[in-house]
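S.K.: A single structure is presented below for examination.
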Amino acid sequence: MIGYKFIISSIGIKKECCMSGIRVRFAPSPTGYLHVGGARTALFNWLMARKHGGVFILRIEDTDVERSTSESVDAILQGMEWLGLDWDEGPFYQSANFPLYKDYVQKLVDLDKAYRCYCTADELEARRELAMREGRKPKYDGRCRTLTEQPGDRPFVVRFRAPQDGSTSFDDQIKGTITFPNEELDDLIIQRSDGTPTYNFCVVIDDAVMRITHVIRGDDHVNNTPRQILLYQALGFPVPLFAHVPMILGADKARLSKRHGATSVIAYRDMGLLPEALVNYLVRLGWSHGDQEIFSREEMIASFDIAQVGRSASVFNPDKLLWLNAHYIKTGDPQRLAGLLAPFLAERGADPSAGGPQLAAVVKTLQERARTLIEMAEGALFYYLAPEAYDETAMAKFEKGHLLAVYATVAERLATTSARTAAEFDALLKDLCAEKGWKMPQLGQPLRIALSGGTQAPGIGEIIETLGSAETVRRVHRALEHASTC
RNA sequence: GUCCCCUUCGUCUAGCCCGGCCCAGGACACCGCCCUUUCACGGCGGCGACACCGGUUCAAAUCCGGUAGGGGACGCCA
């Protein structure tokens with residue numbers, strides 16, 4: 001009876017990678033961008049699938065037509081792709097399955113496991129408030145449960161007839177066994193008065209129909225779980241395993257939000273973060289493998305275990321993220337980094353393709369000095385845009401005569417040298433110092449200012465090698481002129 | 001209010017299930033020293049925690065009970 005296209009394809013597409021039979025899904029609601037919390041949940045699901053050779057499904061929970069937007073869907077997909085969290089099936093849209101949900105609602109009604117409720121939203125709201133004021137649980141009082149006559153054409157919702165005694169428990173893969181007394185659970189609405197199904201009902205149907213084996217999601221869903229289990233049972237579906245991952249907090253221990261800085265995954269990309277750094281950071285937030293801090297994708301997949309995820313919420317620490325990013329910049333492939341860096345340089349008015357040193361060579365001189373691609377771009381700028389002004393305070397530390405002598409000597413020596421590598425240039429400069437009786441800083445600093453404009457830059461030898469001696473000599477001449485006119 | 005969950009350095013965490021190796025280990029941040037032609041990188045060292053109270057035990061971060069604090073849920077949102 002379940003003949004919908006996505007279901008058939010979900011069975012057919014990836015037969016070869018279903019060896020373990022594990023099927024997990026990431027099911028965001030498209031009401032905003034992909035934030036770090038969601039990204040971590042997606043990552044844990046992805047790791048679960050990859051580790052066990054299972055299937056990772058992406059499902060968009062857009063049953064709330066009011067709040068869902070296609071822009072959000074795009075933003076989420078973009079975030080997932082950037083992080084390298086590839087999915088095997090989907091994206092599926094719940095909004096495409098409304099007829100399916102309707103069938104199941106009808107099935108429950110036919111079984112007398114669901115009933116029509118004619119209470120209006122306003123009435124419900126008023127009763128909830130009253131109950132709260134009187135210190136009672138604000139749950140539905142069940143007054144339409146036993147209605148015998150159907151009051152004509154008044155609008156109604158459909159409620160699930162939940163058991164009123166006993167208890168429902170599940171063995172959470174992260175938190176352990178959790179038990180709820182059924183009397184805490186009320187008859188939840190499974191179909192709105194406009195005929196659309198509600199979230200708690202859709203997830204159950206979709207997870208069952210997609211044969212999800214492990215539901216890994218945020219722990220704000222813990223309270224929904226017993227209700228959903230009751231639905232599984234009422235419909236005769238096998239109940240999946242659940243794992244509720246604790247949430248991510250801001251530095252003030254409040255739920256992570258915009259005022260804590262960036263929460264969107266894409267914002268981190270724009271801040272010059274590498275996806276592997278964010279992924280590494282996220283996987284270690286709430287999970288660990290002994291003392292290991294750095295994880296390649298393969299290592300992550302090999303060592304990840306959902307049961308080892310911590311039970312308590314964790315605070316997002318931007319400093320540590322930055323440290324990881326610095327690590328991945330330091331150890332990254334210069335060619336790849338160059339490609340990622342280019343747009344940041346363009347934003348700053350530099351165009352490596354129009355001449356100047358090879359960007360990858362520039363990157364090499366900056367890898368140990370940049371924690372983000374933005375910092376790297378700032379540091380790389382001088383290679384492509386010769387300094388138009390010099391750090392005068394730094395320059396003022398040397399006498400005019402000394403500066404003129406340094407620049408003249410260096411220009412002269414560089415014009416005739418056969419040195420090509422950073423080490424050779426450094427040796428040449430060292431010899432020069434010995435010859436002239438200068439200390440290295442007396443030579444290095446003025447030269448650095450001449451080449452980069454400031455005092456914070458890669459090693460002199462590296463700069464000269466990267467810039468080339470011709471351009472170096474040009475810049476030294478320009479500095480010489482500048483020094484002689486002040 | 002009711003229910004559910006959580007609690008090791010400022011932060012992420014190891015250890016906890018299977019008590020002794022833990023007067024608690026690693027990492028980020030911070031501080032100091034070293035390296036050094038700037039800035040960084042790196043190296044070395046320092047600071048710094050078992051929420052609290054009881055119980056069990058020869059022995060408890062680890063087991064049991066309670067207290068406090070924090071969070072989440074209680075929607076015709078997801």
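In the structure tokens, each chain is lettered A, B, ... as it comes, each chain's residues begin at 1, and ligands are numbered from 1 in order of appearance.
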So that I can see what lies close to G1 of chain B, please list as an MDAnalysis selection string the residues with an atom at most 10 Å from it, counting only C-alpha atoms (C1' of nucleotides) and leaving out residues fewer than 2 positions away in the same chain.
M.R.: chainID A and resid 131:138
S.K.: Using only C-alpha atoms (C1' of nucleotides), find which residues of chain A lie within 6 Å of chain B and jot them down as a ChimeraX atom specification.
M.R.: /A:135,137,192,220,223,290-291,312,320,368-369,440-441,444,455-457
S.K.: Once DSSP has gone over the backbone, tell me which residues of segment 27-201 of chain A are in strand (DSSP E or B), as a short mmCIF file (atom, residue, chain, number, x, y, z; two decimals) with all heavy atoms, in the first residue's frame.
M.R.:
data_model
loop_
_atom_site.label_atom_id
_atom_site.label_comp_id
_atom_site.auth_asym_id
_atom_site.auth_seq_id
_atom_site.Cartn_x
_atom_site.Cartn_y
_atom_site.Cartn_z
N HIS A 35 22.77 25.32 11.28
CA HIS A 35 23.59 25.84 12.37
C HIS A 35 24.49 24.75 12.92
O HIS A 35 24.37 23.58 12.56
CB HIS A 35 22.71 26.45 13.47
CG HIS A 35 21.68 25.50 14.00
ND1 HIS A 35 21.93 24.65 15.04
CD2 HIS A 35 20.41 25.26 13.59
CE1 HIS A 35 20.85 23.92 15.27
NE2 HIS A 35 19.92 24.27 14.41
N VAL A 55 23.29 3.44 5.53
CA VAL A 55 22.76 4.43 4.60
C VAL A 55 22.40 5.71 5.36
O VAL A 55 21.77 5.65 6.42
CB VAL A 55 21.51 3.87 3.89
CG1 VAL A 55 20.88 4.94 3.00
CG2 VAL A 55 21.88 2.65 3.08
N PHE A 56 22.84 6.83 4.81
CA PHE A 56 22.56 8.12 5.41
C PHE A 56 21.53 8.85 4.54
O PHE A 56 21.76 9.07 3.36
CB PHE A 56 23.86 8.93 5.52
CG PHE A 56 23.68 10.31 6.09
CD1 PHE A 56 22.93 10.53 7.24
CD2 PHE A 56 24.29 11.41 5.47
CE1 PHE A 56 22.79 11.82 7.77
CE2 PHE A 56 24.16 12.69 6.00
CZ PHE A 56 23.40 12.89 7.14
N ILE A 57 20.41 9.18 5.15
CA ILE A 57 19.31 9.78 4.40
C ILE A 57 19.09 11.23 4.83
O ILE A 57 19.18 11.55 6.02
CB ILE A 57 18.02 8.98 4.67
CG1 ILE A 57 18.19 7.54 4.19
CG2 ILE A 57 16.81 9.63 3.99
CD1 ILE A 57 17.10 6.59 4.65
N LEU A 58 18.82 12.09 3.88
CA LEU A 58 18.51 13.48 4.19
C LEU A 58 17.03 13.71 3.94
O LEU A 58 16.52 13.42 2.86
CB LEU A 58 19.35 14.42 3.32
CG LEU A 58 19.11 15.92 3.56
CD1 LEU A 58 19.40 16.31 4.99
CD2 LEU A 58 19.97 16.74 2.61
N ARG A 59 16.37 14.17 4.97
CA ARG A 59 14.93 14.37 4.86
C ARG A 59 14.57 15.77 5.36
O ARG A 59 14.98 16.16 6.45
CB ARG A 59 14.19 13.31 5.68
CG ARG A 59 12.69 13.36 5.48
CD ARG A 59 12.01 12.24 6.22
NE ARG A 59 11.98 12.42 7.65
CZ ARG A 59 12.14 11.45 8.55
NH1 ARG A 59 12.35 10.21 8.15
NH2 ARG A 59 12.07 11.70 9.84
N ILE A 60 13.86 16.49 4.58
CA ILE A 60 13.48 17.85 4.95
C ILE A 60 12.11 17.83 5.61
O ILE A 60 11.12 17.40 5.00
CB ILE A 60 13.45 18.76 3.69
CG1 ILE A 60 14.77 18.69 2.93
CG2 ILE A 60 13.12 20.19 4.09
CD1 ILE A 60 15.97 19.21 3.67
N GLU A 89 20.62 8.97 0.22
CA GLU A 89 19.27 9.04 -0.33
C GLU A 89 18.64 10.36 0.06
O GLU A 89 18.87 10.88 1.14
CB GLU A 89 18.43 7.88 0.22
CG GLU A 89 18.93 6.52 -0.21
CD GLU A 89 18.14 5.38 0.43
OE1 GLU A 89 17.04 5.64 0.94
OE2 GLU A 89 18.64 4.25 0.41
N GLY A 90 17.81 10.87 -0.82
CA GLY A 90 17.15 12.13 -0.56
C GLY A 90 17.81 13.25 -1.36
O GLY A 90 18.61 12.97 -2.26
N PRO A 91 17.52 14.50 -1.08
CA PRO A 91 16.62 14.89 0.01
C PRO A 91 15.15 14.58 -0.28
O PRO A 91 14.67 14.82 -1.37
CB PRO A 91 16.83 16.41 0.12
CG PRO A 91 17.34 16.83 -1.21
CD PRO A 91 18.09 15.66 -1.77
N PHE A 92 14.50 14.04 0.72
CA PHE A 92 13.07 13.79 0.63
C PHE A 92 12.35 14.92 1.36
O PHE A 92 12.88 15.47 2.32
CB PHE A 92 12.73 12.46 1.30
CG PHE A 92 13.42 11.28 0.65
CD1 PHE A 92 14.25 10.45 1.39
CD2 PHE A 92 13.24 11.02 -0.71
CE1 PHE A 92 14.89 9.37 0.79
CE2 PHE A 92 13.88 9.95 -1.31
CZ PHE A 92 14.71 9.12 -0.57
N TYR A 93 11.17 15.21 0.87
CA TYR A 93 10.39 16.29 1.48
C TYR A 93 9.11 15.73 2.07
O TYR A 93 8.34 15.07 1.37
CB TYR A 93 10.06 17.36 0.43
CG TYR A 93 11.29 18.06 -0.08
CD1 TYR A 93 12.07 17.50 -1.10
CD2 TYR A 93 11.71 19.27 0.47
CE1 TYR A 93 13.23 18.12 -1.55
CE2 TYR A 93 12.86 19.91 0.03
CZ TYR A 93 13.62 19.32 -0.98
OH TYR A 93 14.76 19.94 -1.42
N ALA A 114 -7.46 6.53 17.23
CA ALA A 114 -7.42 7.99 17.08
C ALA A 114 -8.86 8.46 16.99
O ALA A 114 -9.75 7.69 16.63
CB ALA A 114 -6.65 8.37 15.83
N TYR A 115 -9.07 9.71 17.35
CA TYR A 115 -10.44 10.23 17.34
C TYR A 115 -10.45 11.71 17.02
O TYR A 115 -9.43 12.38 17.12
CB TYR A 115 -11.09 9.98 18.70
CG TYR A 115 -10.37 10.67 19.86
CD1 TYR A 115 -10.74 11.95 20.28
CD2 TYR A 115 -9.33 10.02 20.52
CE1 TYR A 115 -10.07 12.57 21.33
CE2 TYR A 115 -8.65 10.63 21.57
CZ TYR A 115 -9.02 11.90 21.97
OH TYR A 115 -8.36 12.52 23.00
N ARG A 116 -11.64 12.18 16.64
CA ARG A 116 -11.78 13.59 16.30
C ARG A 116 -11.97 14.42 17.57
O ARG A 116 -12.69 14.01 18.48
CB ARG A 116 -12.99 13.79 15.40
CG ARG A 116 -12.80 13.16 14.04
CD ARG A 116 -14.03 13.37 13.20
NE ARG A 116 -13.79 12.88 11.85
CZ ARG A 116 -14.61 13.10 10.83
NH1 ARG A 116 -15.73 13.80 11.02
NH2 ARG A 116 -14.33 12.63 9.62
N CYS A 117 -11.31 15.55 17.61
CA CYS A 117 -11.45 16.44 18.75
C CYS A 117 -11.90 17.80 18.23
O CYS A 117 -11.29 18.35 17.31
CB CYS A 117 -10.12 16.57 19.49
SG CYS A 117 -10.09 17.91 20.70
N VAL A 157 -9.66 18.38 14.88
CA VAL A 157 -8.33 17.81 14.70
C VAL A 157 -8.46 16.34 15.01
O VAL A 157 -9.46 15.90 15.56
CB VAL A 157 -7.30 18.43 15.68
CG1 VAL A 157 -7.18 19.93 15.45
CG2 VAL A 157 -7.66 18.12 17.12
N VAL A 158 -7.44 15.56 14.64
CA VAL A 158 -7.46 14.15 15.00
C VAL A 158 -6.41 13.92 16.07
O VAL A 158 -5.27 14.36 15.92
CB VAL A 158 -7.19 13.25 13.78
CG1 VAL A 158 -7.16 11.78 14.20
CG2 VAL A 158 -8.25 13.48 12.71
N ARG A 159 -6.83 13.29 17.15
CA ARG A 159 -5.91 13.01 18.23
C ARG A 159 -5.65 11.52 18.35
O ARG A 159 -6.53 10.69 18.11
CB ARG A 159 -6.50 13.49 19.57
CG ARG A 159 -6.41 14.98 19.79
CD ARG A 159 -6.93 15.33 21.17
NE ARG A 159 -7.02 16.77 21.35
CZ ARG A 159 -6.02 17.52 21.79
NH1 ARG A 159 -4.87 16.96 22.11
NH2 ARG A 159 -6.17 18.82 21.92
N PHE A 160 -4.45 11.21 18.78
CA PHE A 160 -4.06 9.83 19.03
C PHE A 160 -4.58 9.43 20.40
O PHE A 160 -4.43 10.17 21.36
CB PHE A 160 -2.54 9.72 18.97
CG PHE A 160 -2.01 8.37 19.36
CD1 PHE A 160 -2.44 7.22 18.70
CD2 PHE A 160 -1.10 8.24 20.40
CE1 PHE A 160 -1.96 5.97 19.07
CE2 PHE A 160 -0.61 7.00 20.78
CZ PHE A 160 -1.04 5.86 20.11
N SER A 167 3.67 2.63 31.67
CA SER A 167 4.75 3.56 31.36
C SER A 167 5.42 3.14 30.07
O SER A 167 5.26 2.01 29.60
CB SER A 167 5.77 3.58 32.50
OG SER A 167 6.36 2.30 32.63
N THR A 168 6.14 4.08 29.51
CA THR A 168 6.83 3.83 28.26
C THR A 168 8.31 4.14 28.47
O THR A 168 8.64 5.21 28.97
CB THR A 168 6.29 4.74 27.14
OG1 THR A 168 4.89 4.48 26.99
CG2 THR A 168 7.00 4.48 25.83
N SER A 169 9.16 3.20 28.13
CA SER A 169 10.58 3.50 28.30
C SER A 169 11.37 3.04 27.09
O SER A 169 10.91 2.23 26.29
CB SER A 169 11.11 2.88 29.58
OG SER A 169 11.00 1.49 29.51
N PHE A 170 12.52 3.60 26.95
CA PHE A 170 13.40 3.22 25.84
C PHE A 170 14.84 3.30 26.32
O PHE A 170 15.16 4.00 27.28
CB PHE A 170 13.17 4.11 24.62
CG PHE A 170 13.38 5.58 24.88
CD1 PHE A 170 14.57 6.20 24.51
CD2 PHE A 170 12.38 6.36 25.47
CE1 PHE A 170 14.76 7.56 24.73
CE2 PHE A 170 12.57 7.72 25.70
CZ PHE A 170 13.76 8.32 25.33
N ASP A 171 15.67 2.56 25.64
CA ASP A 171 17.07 2.50 26.02
C ASP A 171 17.85 3.45 25.12
O ASP A 171 18.28 3.07 24.04
CB ASP A 171 17.56 1.05 25.87
CG ASP A 171 18.99 0.90 26.36
OD1 ASP A 171 19.43 1.75 27.17
OD2 ASP A 171 19.67 -0.03 25.91
N ASP A 172 17.99 4.67 25.57
CA ASP A 172 18.68 5.67 24.76
C ASP A 172 20.16 5.30 24.63
O ASP A 172 20.81 4.99 25.62
CB ASP A 172 18.53 7.05 25.40
CG ASP A 172 18.95 8.17 24.47
OD1 ASP A 172 20.16 8.39 24.31
OD2 ASP A 172 18.06 8.80 23.87
N GLY A 176 21.10 6.31 28.21
CA GLY A 176 20.68 5.17 29.01
C GLY A 176 19.17 5.04 29.02
O GLY A 176 18.48 5.70 28.23
N THR A 177 18.66 4.22 29.92
CA THR A 177 17.23 3.97 29.93
C THR A 177 16.45 5.17 30.45
O THR A 177 16.79 5.74 31.49
CB THR A 177 16.92 2.74 30.79
OG1 THR A 177 17.64 1.63 30.26
CG2 THR A 177 15.42 2.43 30.79
N ILE A 178 15.43 5.55 29.73
CA ILE A 178 14.59 6.67 30.13
C ILE A 178 13.14 6.19 30.17
O ILE A 178 12.67 5.54 29.23
CB ILE A 178 14.71 7.84 29.13
CG1 ILE A 178 16.17 8.34 29.08
CG2 ILE A 178 13.77 8.98 29.52
CD1 ILE A 178 16.40 9.45 28.09
N THR A 179 12.48 6.47 31.26
CA THR A 179 11.11 5.99 31.43
C THR A 179 10.15 7.13 31.71
O THR A 179 10.45 8.01 32.51
CB THR A 179 11.06 4.99 32.60
OG1 THR A 179 11.99 3.94 32.36
CG2 THR A 179 9.65 4.41 32.74
N PHE A 180 9.03 7.11 31.04
CA PHE A 180 7.98 8.11 31.28
C PHE A 180 6.71 7.40 31.71
O PHE A 180 6.30 6.45 31.06
CB PHE A 180 7.66 8.87 29.99
CG PHE A 180 8.71 9.86 29.57
CD1 PHE A 180 9.82 9.44 28.86
CD2 PHE A 180 8.56 11.21 29.86
CE1 PHE A 180 10.79 10.35 28.46
CE2 PHE A 180 9.52 12.12 29.46
CZ PHE A 180 10.63 11.70 28.76
N PRO A 181 6.07 7.88 32.76
CA PRO A 181 4.74 7.37 33.10
C PRO A 181 3.78 7.81 31.99
O PRO A 181 3.81 8.97 31.60
CB PRO A 181 4.39 8.07 34.41
CG PRO A 181 5.65 8.74 34.87
CD PRO A 181 6.52 8.92 33.69
N ILE A 189 -2.14 15.63 19.05
CA ILE A 189 -2.79 15.88 17.76
C ILE A 189 -1.92 15.32 16.65
O ILE A 189 -0.72 15.59 16.59
CB ILE A 189 -2.99 17.39 17.57
CG1 ILE A 189 -3.98 17.91 18.61
CG2 ILE A 189 -3.45 17.71 16.15
CD1 ILE A 189 -4.14 19.40 18.65
N ILE A 190 -2.53 14.52 15.80
CA ILE A 190 -1.75 13.98 14.68
C ILE A 190 -2.17 14.61 13.36
O ILE A 190 -1.46 14.54 12.38
CB ILE A 190 -1.84 12.44 14.61
CG1 ILE A 190 -3.29 11.97 14.47
CG2 ILE A 190 -1.19 11.81 15.84
CD1 ILE A 190 -3.41 10.46 14.34
N GLN A 191 -3.35 15.23 13.38
CA GLN A 191 -3.78 15.93 12.16
C GLN A 191 -4.46 17.25 12.55
O GLN A 191 -5.33 17.27 13.40
CB GLN A 191 -4.76 15.06 11.37
CG GLN A 191 -5.14 15.68 10.03
CD GLN A 191 -6.09 14.78 9.25
OE1 GLN A 191 -7.31 14.88 9.36
NE2 GLN A 191 -5.52 13.88 8.47
N PRO A 197 -0.86 16.90 8.55
CA PRO A 197 -0.37 16.09 9.67
C PRO A 197 0.63 16.88 10.50
O PRO A 197 1.22 17.84 10.01
CB PRO A 197 0.33 14.93 8.96
CG PRO A 197 0.82 15.53 7.69
CD PRO A 197 -0.18 16.58 7.29
#
S.K.: Give me, as a PyMOL selection string, the residues of segment 177-418 of chain A that a backbone DSSP run labels helix (DSSP H, G or I).
M.R.: chain A and resi 182-184+199-209+219-235+258-260+265-270+275-284+297-303+306-308+318-331+334-347+352-354+359-366+373-384+392-395+400-416
S.K.: A:Asp112, A:Glu81, A:Glu276, A:Asp270: which is nearest Phe344 of chain A, counting only C-alpha atoms?
M.R.: A:Asp270
S.K.: Tell me which protein, DNA and RNA residues are within 10 Å of A61 of chain B, counting only C-alpha atoms (C1' of nucleotides), leaving out same-chain ones fewer than 3 positions away, and put them as number ranges by chain.
M.R.: B: 8, 15-16, 22, 24, 50
S.K.: Quick one: everything within 10 Å of Ile294 of chain A, counting only C-alpha atoms (C1' of nucleotides), minus sequence neighbours fewer than 6 positions away in the same chain. Send it as a PyMOL selection string.
M.R.: (chain A and resi 277+280-281+284+300+324+327-328) or (chain B and resi 27)
S.K.: So the first atom is atom CA of Leu185 of chain A and the second is atom CA of Ser314 of chain A; what is the distance between them in Å, to one decimal place?
M.R.: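 These atoms are spaced 28.9 Å apart.
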S.K.: Compile the contact shell of Arg143 of chain A as a PyMOL selection string: residues with an atom at most 10 Å away, counting only C-alpha atoms (C1' of nucleotides), same-chain residues fewer than 2 positions apart removed.
M.R.: chain A and resi 117-119+140-141+145-147
S.K.: Okay, now the selection with C-alpha atoms, as a compact mmCIF listing (two decimals), in the first residue's frame?
M.R.:
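So result.txt came out as:
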# COMPACT_ATOMS: atom_id res chain seq x y z
CA CYS A 117 -11.45 16.44 18.75
CA TYR A 118 -13.59 19.52 18.32
CA CYS A 119 -11.96 21.73 20.93
CA TYR A 140 -5.14 17.85 27.15
CA ASP A 141 -8.00 16.76 29.39
CA ARG A 145 -12.07 11.09 23.80
CA THR A 146 -15.42 9.52 24.39
CA LEU A 147 -17.61 11.75 22.29
S.K.: Identify, on the basis of only C-alpha atoms (C1' of nucleotides), every residue whose closest approach to Asp219 of chain A does not exceed 8 Å; exclude the query and any residue fewer than 4 positions from it along the same chain; express the result as a list in words.
M.R.: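 With the cut-off at 8 Å, the set is His244, Val245, Pro246 and Met247 of chain A; G72 of chain B.
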S.K.: Tell me which protein, DNA and RNA residues are within 12 Å of Gly339 of chain A, counting only C-alpha atoms (C1' of nucleotides), leaving out same-chain ones fewer than 4 positions away, and put them as a ChimeraX atom specification.
M.R.: /A:332-335,343-346,352-353,358-360,362-363,373,377
